[in-house]
$ cat entry-v3.cif   # mmCIF, N, CA and C atoms and all ligand atoms
data_final
#
loop_
_atom_site.label_atom_id
_atom_site.label_comp_id
_atom_site.auth_asym_id
_atom_site.auth_seq_id
_atom_site.Cartn_x
_atom_site.Cartn_y
_atom_site.Cartn_z
N MET A 1 33.90 76.01 95.95
CA MET A 1 34.34 77.32 96.42
C MET A 1 34.59 78.24 95.24
N LYS A 2 34.53 79.50 95.48
CA LYS A 2 34.73 80.47 94.41
C LYS A 2 36.17 80.93 94.40
N ARG A 3 36.71 80.96 93.21
CA ARG A 3 38.09 81.41 93.04
C ARG A 3 38.18 82.26 91.78
N GLN A 4 39.15 83.16 91.79
CA GLN A 4 39.35 83.98 90.61
C GLN A 4 40.59 83.50 89.87
N PHE A 5 40.42 83.29 88.60
CA PHE A 5 41.53 82.80 87.77
C PHE A 5 41.65 83.64 86.51
N CYS A 6 42.90 83.74 86.04
CA CYS A 6 43.09 84.30 84.71
C CYS A 6 42.79 83.19 83.69
N LEU A 7 42.67 83.58 82.47
CA LEU A 7 42.27 82.60 81.45
C LEU A 7 43.26 81.45 81.28
N PRO A 8 44.57 81.74 81.18
CA PRO A 8 45.52 80.62 81.03
C PRO A 8 45.42 79.59 82.16
N CYS A 9 45.26 80.06 83.38
CA CYS A 9 45.16 79.13 84.51
C CYS A 9 43.85 78.35 84.45
N PHE A 10 42.81 79.00 84.05
CA PHE A 10 41.54 78.30 83.90
C PHE A 10 41.65 77.18 82.88
N LEU A 11 42.29 77.49 81.78
CA LEU A 11 42.44 76.48 80.73
C LEU A 11 43.30 75.31 81.19
N GLU A 12 44.32 75.61 81.95
CA GLU A 12 45.17 74.54 82.47
C GLU A 12 44.43 73.65 83.44
N LEU A 13 43.67 74.28 84.31
CA LEU A 13 42.88 73.50 85.27
C LEU A 13 41.87 72.62 84.57
N GLN A 14 41.27 73.20 83.55
CA GLN A 14 40.26 72.47 82.80
C GLN A 14 40.90 71.29 82.06
N LYS A 15 42.08 71.54 81.52
CA LYS A 15 42.79 70.52 80.77
C LYS A 15 43.27 69.39 81.69
N ALA A 16 43.71 69.75 82.87
CA ALA A 16 44.18 68.75 83.83
C ALA A 16 43.04 67.83 84.26
N GLY A 17 41.85 68.36 84.26
CA GLY A 17 40.67 67.53 84.49
C GLY A 17 40.50 67.04 85.91
N LYS A 18 41.18 67.67 86.85
CA LYS A 18 41.08 67.22 88.23
C LYS A 18 40.01 67.97 89.02
N HIS A 19 39.49 69.00 88.41
CA HIS A 19 38.48 69.80 89.09
C HIS A 19 37.26 70.01 88.21
N ASP A 20 36.14 70.16 88.89
CA ASP A 20 34.97 70.68 88.20
C ASP A 20 35.05 72.19 88.32
N ILE A 21 35.04 72.84 87.19
CA ILE A 21 35.21 74.29 87.23
C ILE A 21 34.25 74.95 86.26
N LYS A 22 33.54 75.93 86.76
CA LYS A 22 32.62 76.65 85.89
C LYS A 22 32.58 78.12 86.27
N ARG A 23 32.27 78.89 85.29
CA ARG A 23 32.34 80.32 85.45
C ARG A 23 31.12 80.87 86.17
N VAL A 24 31.34 81.81 87.02
CA VAL A 24 30.23 82.48 87.69
C VAL A 24 30.40 83.99 87.57
N GLY A 25 29.43 84.71 88.06
CA GLY A 25 29.58 86.16 88.14
C GLY A 25 29.36 86.89 86.84
N GLY A 26 28.50 86.39 86.02
CA GLY A 26 28.07 87.15 84.86
C GLY A 26 28.90 86.92 83.61
N GLY A 27 30.09 86.32 83.77
CA GLY A 27 30.86 85.96 82.60
C GLY A 27 31.71 87.06 82.02
N ARG A 28 31.72 88.22 82.67
CA ARG A 28 32.55 89.31 82.15
C ARG A 28 33.96 89.22 82.69
N ASN A 29 34.93 89.47 81.83
CA ASN A 29 36.29 89.56 82.30
C ASN A 29 36.48 90.81 83.13
N MET A 30 37.26 90.68 84.18
CA MET A 30 37.54 91.83 85.03
C MET A 30 38.96 91.70 85.56
N LYS A 31 39.40 92.79 86.15
CA LYS A 31 40.75 92.78 86.71
C LYS A 31 40.71 92.00 88.02
N ILE A 32 41.43 90.92 88.06
CA ILE A 32 41.44 90.07 89.24
C ILE A 32 42.88 89.71 89.61
N THR A 33 43.05 89.22 90.80
CA THR A 33 44.32 88.61 91.15
C THR A 33 44.14 87.11 91.09
N CYS A 34 44.82 86.50 90.15
CA CYS A 34 44.64 85.08 89.92
C CYS A 34 45.06 84.27 91.15
N TRP A 35 44.20 83.37 91.53
CA TRP A 35 44.45 82.58 92.73
C TRP A 35 45.58 81.58 92.51
N ARG A 36 45.76 81.18 91.29
CA ARG A 36 46.73 80.15 90.99
C ARG A 36 48.13 80.72 90.75
N CYS A 37 48.23 81.72 89.90
CA CYS A 37 49.55 82.26 89.58
C CYS A 37 49.85 83.56 90.33
N LYS A 38 48.88 84.04 91.10
CA LYS A 38 49.04 85.22 91.96
C LYS A 38 49.36 86.49 91.19
N ARG A 39 49.04 86.48 89.92
CA ARG A 39 49.30 87.68 89.14
C ARG A 39 48.04 88.49 88.96
N ARG A 40 48.25 89.78 88.78
CA ARG A 40 47.13 90.66 88.58
C ARG A 40 46.87 90.75 87.08
N ARG A 41 45.76 90.16 86.68
CA ARG A 41 45.48 90.08 85.25
C ARG A 41 43.98 90.16 85.03
N TYR A 42 43.62 90.08 83.77
CA TYR A 42 42.22 89.96 83.46
C TYR A 42 41.79 88.51 83.59
N GLY A 43 40.65 88.33 84.17
CA GLY A 43 40.15 86.98 84.36
C GLY A 43 38.71 87.03 84.80
N ALA A 44 38.27 85.97 85.43
CA ALA A 44 36.90 85.90 85.88
C ALA A 44 36.80 85.04 87.12
N GLU A 45 35.62 85.04 87.67
CA GLU A 45 35.40 84.24 88.86
C GLU A 45 34.82 82.88 88.48
N TYR A 46 35.33 81.87 89.12
CA TYR A 46 34.89 80.51 88.82
C TYR A 46 34.51 79.78 90.09
N GLU A 47 33.57 78.90 89.92
CA GLU A 47 33.23 77.99 91.00
C GLU A 47 34.00 76.71 90.75
N ILE A 48 34.81 76.33 91.70
CA ILE A 48 35.68 75.18 91.49
C ILE A 48 35.54 74.18 92.63
N SER A 49 35.53 72.93 92.26
CA SER A 49 35.51 71.88 93.28
C SER A 49 36.31 70.69 92.78
N ARG A 50 36.89 70.00 93.70
CA ARG A 50 37.71 68.87 93.33
C ARG A 50 36.83 67.70 92.89
N LYS A 51 37.24 67.09 91.80
CA LYS A 51 36.45 65.98 91.27
C LYS A 51 36.63 64.73 92.12
N GLY A 52 35.52 64.09 92.40
CA GLY A 52 35.56 62.78 93.02
C GLY A 52 36.14 62.74 94.42
N SER A 53 36.16 63.88 95.08
CA SER A 53 36.68 63.88 96.44
C SER A 53 35.57 64.21 97.42
N ALA A 54 35.35 63.32 98.36
CA ALA A 54 34.31 63.57 99.35
C ALA A 54 34.84 64.42 100.49
N ASP A 55 36.15 64.47 100.58
CA ASP A 55 36.77 65.17 101.70
C ASP A 55 37.42 66.46 101.22
N GLN A 56 36.80 67.56 101.54
CA GLN A 56 37.37 68.84 101.12
C GLN A 56 37.90 69.63 102.31
N THR A 57 37.92 69.00 103.45
CA THR A 57 38.32 69.74 104.65
C THR A 57 39.81 70.01 104.70
N HIS A 58 40.58 69.22 103.99
CA HIS A 58 42.02 69.40 104.02
C HIS A 58 42.52 70.20 102.81
N GLU A 59 41.58 70.77 102.13
CA GLU A 59 41.88 71.45 100.88
C GLU A 59 42.89 72.59 101.03
N GLU A 60 42.70 73.39 102.05
CA GLU A 60 43.49 74.62 102.13
C GLU A 60 44.25 74.76 103.43
N ARG A 61 44.86 73.71 103.86
CA ARG A 61 45.62 73.81 105.10
C ARG A 61 46.95 74.49 104.85
N GLY A 62 47.48 75.05 105.89
CA GLY A 62 48.81 75.64 105.77
C GLY A 62 48.83 77.09 105.34
N THR A 63 47.67 77.65 105.05
CA THR A 63 47.65 79.03 104.62
C THR A 63 47.46 79.99 105.78
N SER A 64 46.87 79.51 106.85
CA SER A 64 46.65 80.40 108.00
C SER A 64 47.88 80.39 108.90
N ASN A 65 48.05 81.47 109.62
CA ASN A 65 49.22 81.55 110.49
C ASN A 65 48.98 80.83 111.80
N ALA A 66 49.87 79.96 112.12
CA ALA A 66 49.74 79.20 113.36
C ALA A 66 50.45 79.91 114.48
N LYS A 67 49.73 80.06 115.56
CA LYS A 67 50.34 80.70 116.73
C LYS A 67 50.79 79.63 117.71
N ILE A 68 52.03 79.77 118.09
CA ILE A 68 52.56 78.79 119.04
C ILE A 68 52.74 79.44 120.41
ZN ZN B 101 46.63 82.68 86.59
#

$ encode --input "entry-v3.cif" --output "structure tokens" --more "lines below"
Ligand SMILES: [Zn+2]
Amino acid sequence: MKRQFCLPCFLELQKAGKHDIKRVGGGRNMKITCWRCKRRRYGAEYEISRKGSADQTHEERGTSNAKI
């Protein structure tokens, strides 16, 4: 999936080594809202996927509003 990260968050993710992460979108820094720290900073768009996980369906649960 594509996510936008600032540089510090990208470096941390890369260092943690739990995701495959690579830059997309031409490689230019732009003003983005970082998906990880939620701050508005300079960053870039990355393609990120969890390493060694066949199941990505539970990746983003809990973010949508549940109607009861
Ligand atoms: Zn960030």

$ residues_near_ligand --input "entry-v3.cif" --ligand "ligand ZN 101 (chain B)" --cutoff "8 Å" --atoms "only C-alpha atoms and all ligand atoms" --output "list in words"
Phe5, Cys6, Leu7, Pro8, Cys9, Phe10, Thr33, Cys34, Trp35, Arg36, Cys37, Lys38, Arg39 and Arg41 of chain A

$ select_by_dssp --input "entry-v3.cif" --residues "segment 5-59 of chain A" --states "helix (DSSP H, G or I)" --output "list in words"
Leu7, Pro8, Cys9, Phe10, Leu11, Glu12, Leu13, Gln14, Lys15, Ala16, Gly25, Gly26 and Gly27 of chain A

$ atom_distance --input "entry-v3.cif" --atom1 "atom N of Ala16 of chain A" --atom2 "atom N of Lys31 of chain A"
23.7 Å

$ atom_distance --input "entry-v3.cif" --atom1 "atom N of Lys18 of chain A" --atom2 "atom N of Lys51 of chain A"
6.4 Å

$ atom_distance --input "entry-v3.cif" --atom1 "atom C of Gly52 of chain A" --atom2 "atom N of Gly25 of chain A"
23.8 Å

$ closest_residue --input "entry-v3.cif" --among "A:Lys22, A:Lys15, A:Arg28, A:Lys2" --to "Gly43 of chain A" --atoms "only N, CA and C atoms"
A:Arg28

$ axis_aligned_box --input "entry-v3.cif" --around "segment 23-26 of chain A" --padding-each-side "4 Å" --output "AutoDock Vina command-line options"
--center_x 30.2 --center_y 83.0 --center_z 85.9 --size_x 12.3 --size_y 16.3 --size_z 12.5

$ residues_near_point --input "entry-v3.cif" --point "(25.9, 83.4, 91.6)" --cutoff "12 Å" --atoms "only C-alpha atoms" --output "number ranges by chain"
A: 1-2, 22-27, 45-47

$ write_last_selection --input "entry-v3.cif" --atoms "N, CA and C atoms" --output "CSV table (one decimal), keeping the file's coordinate frame"
chain,number,residue,atom,x,y,z
A,1,MET,N,33.9,76.0,96.0
A,1,MET,CA,34.3,77.3,96.4
A,1,MET,C,34.6,78.2,95.2
A,2,LYS,N,34.5,79.5,95.5
A,2,LYS,CA,34.7,80.5,94.4
A,2,LYS,C,36.2,80.9,94.4
A,22,LYS,N,33.5,75.9,86.8
A,22,LYS,CA,32.6,76.6,85.9
A,22,LYS,C,32.6,78.1,86.3
A,23,ARG,N,32.3,78.9,85.3
A,23,ARG,CA,32.3,80.3,85.4
A,23,ARG,C,31.1,80.9,86.2
A,24,VAL,N,31.3,81.8,87.0
A,24,VAL,CA,30.2,82.5,87.7
A,24,VAL,C,30.4,84.0,87.6
A,25,GLY,N,29.4,84.7,88.1
A,25,GLY,CA,29.6,86.2,88.1
A,25,GLY,C,29.4,86.9,86.8
A,26,GLY,N,28.5,86.4,86.0
A,26,GLY,CA,28.1,87.2,84.9
A,26,GLY,C,28.9,86.9,83.6
A,27,GLY,N,30.1,86.3,83.8
A,27,GLY,CA,30.9,86.0,82.6
A,27,GLY,C,31.7,87.1,82.0
A,45,GLU,N,35.6,85.0,87.7
A,45,GLU,CA,35.4,84.2,88.9
A,45,GLU,C,34.8,82.9,88.5
A,46,TYR,N,35.3,81.9,89.1
A,46,TYR,CA,34.9,80.5,88.8
A,46,TYR,C,34.5,79.8,90.1
A,47,GLU,N,33.6,78.9,89.9
A,47,GLU,CA,33.2,78.0,91.0
A,47,GLU,C,34.0,76.7,90.8
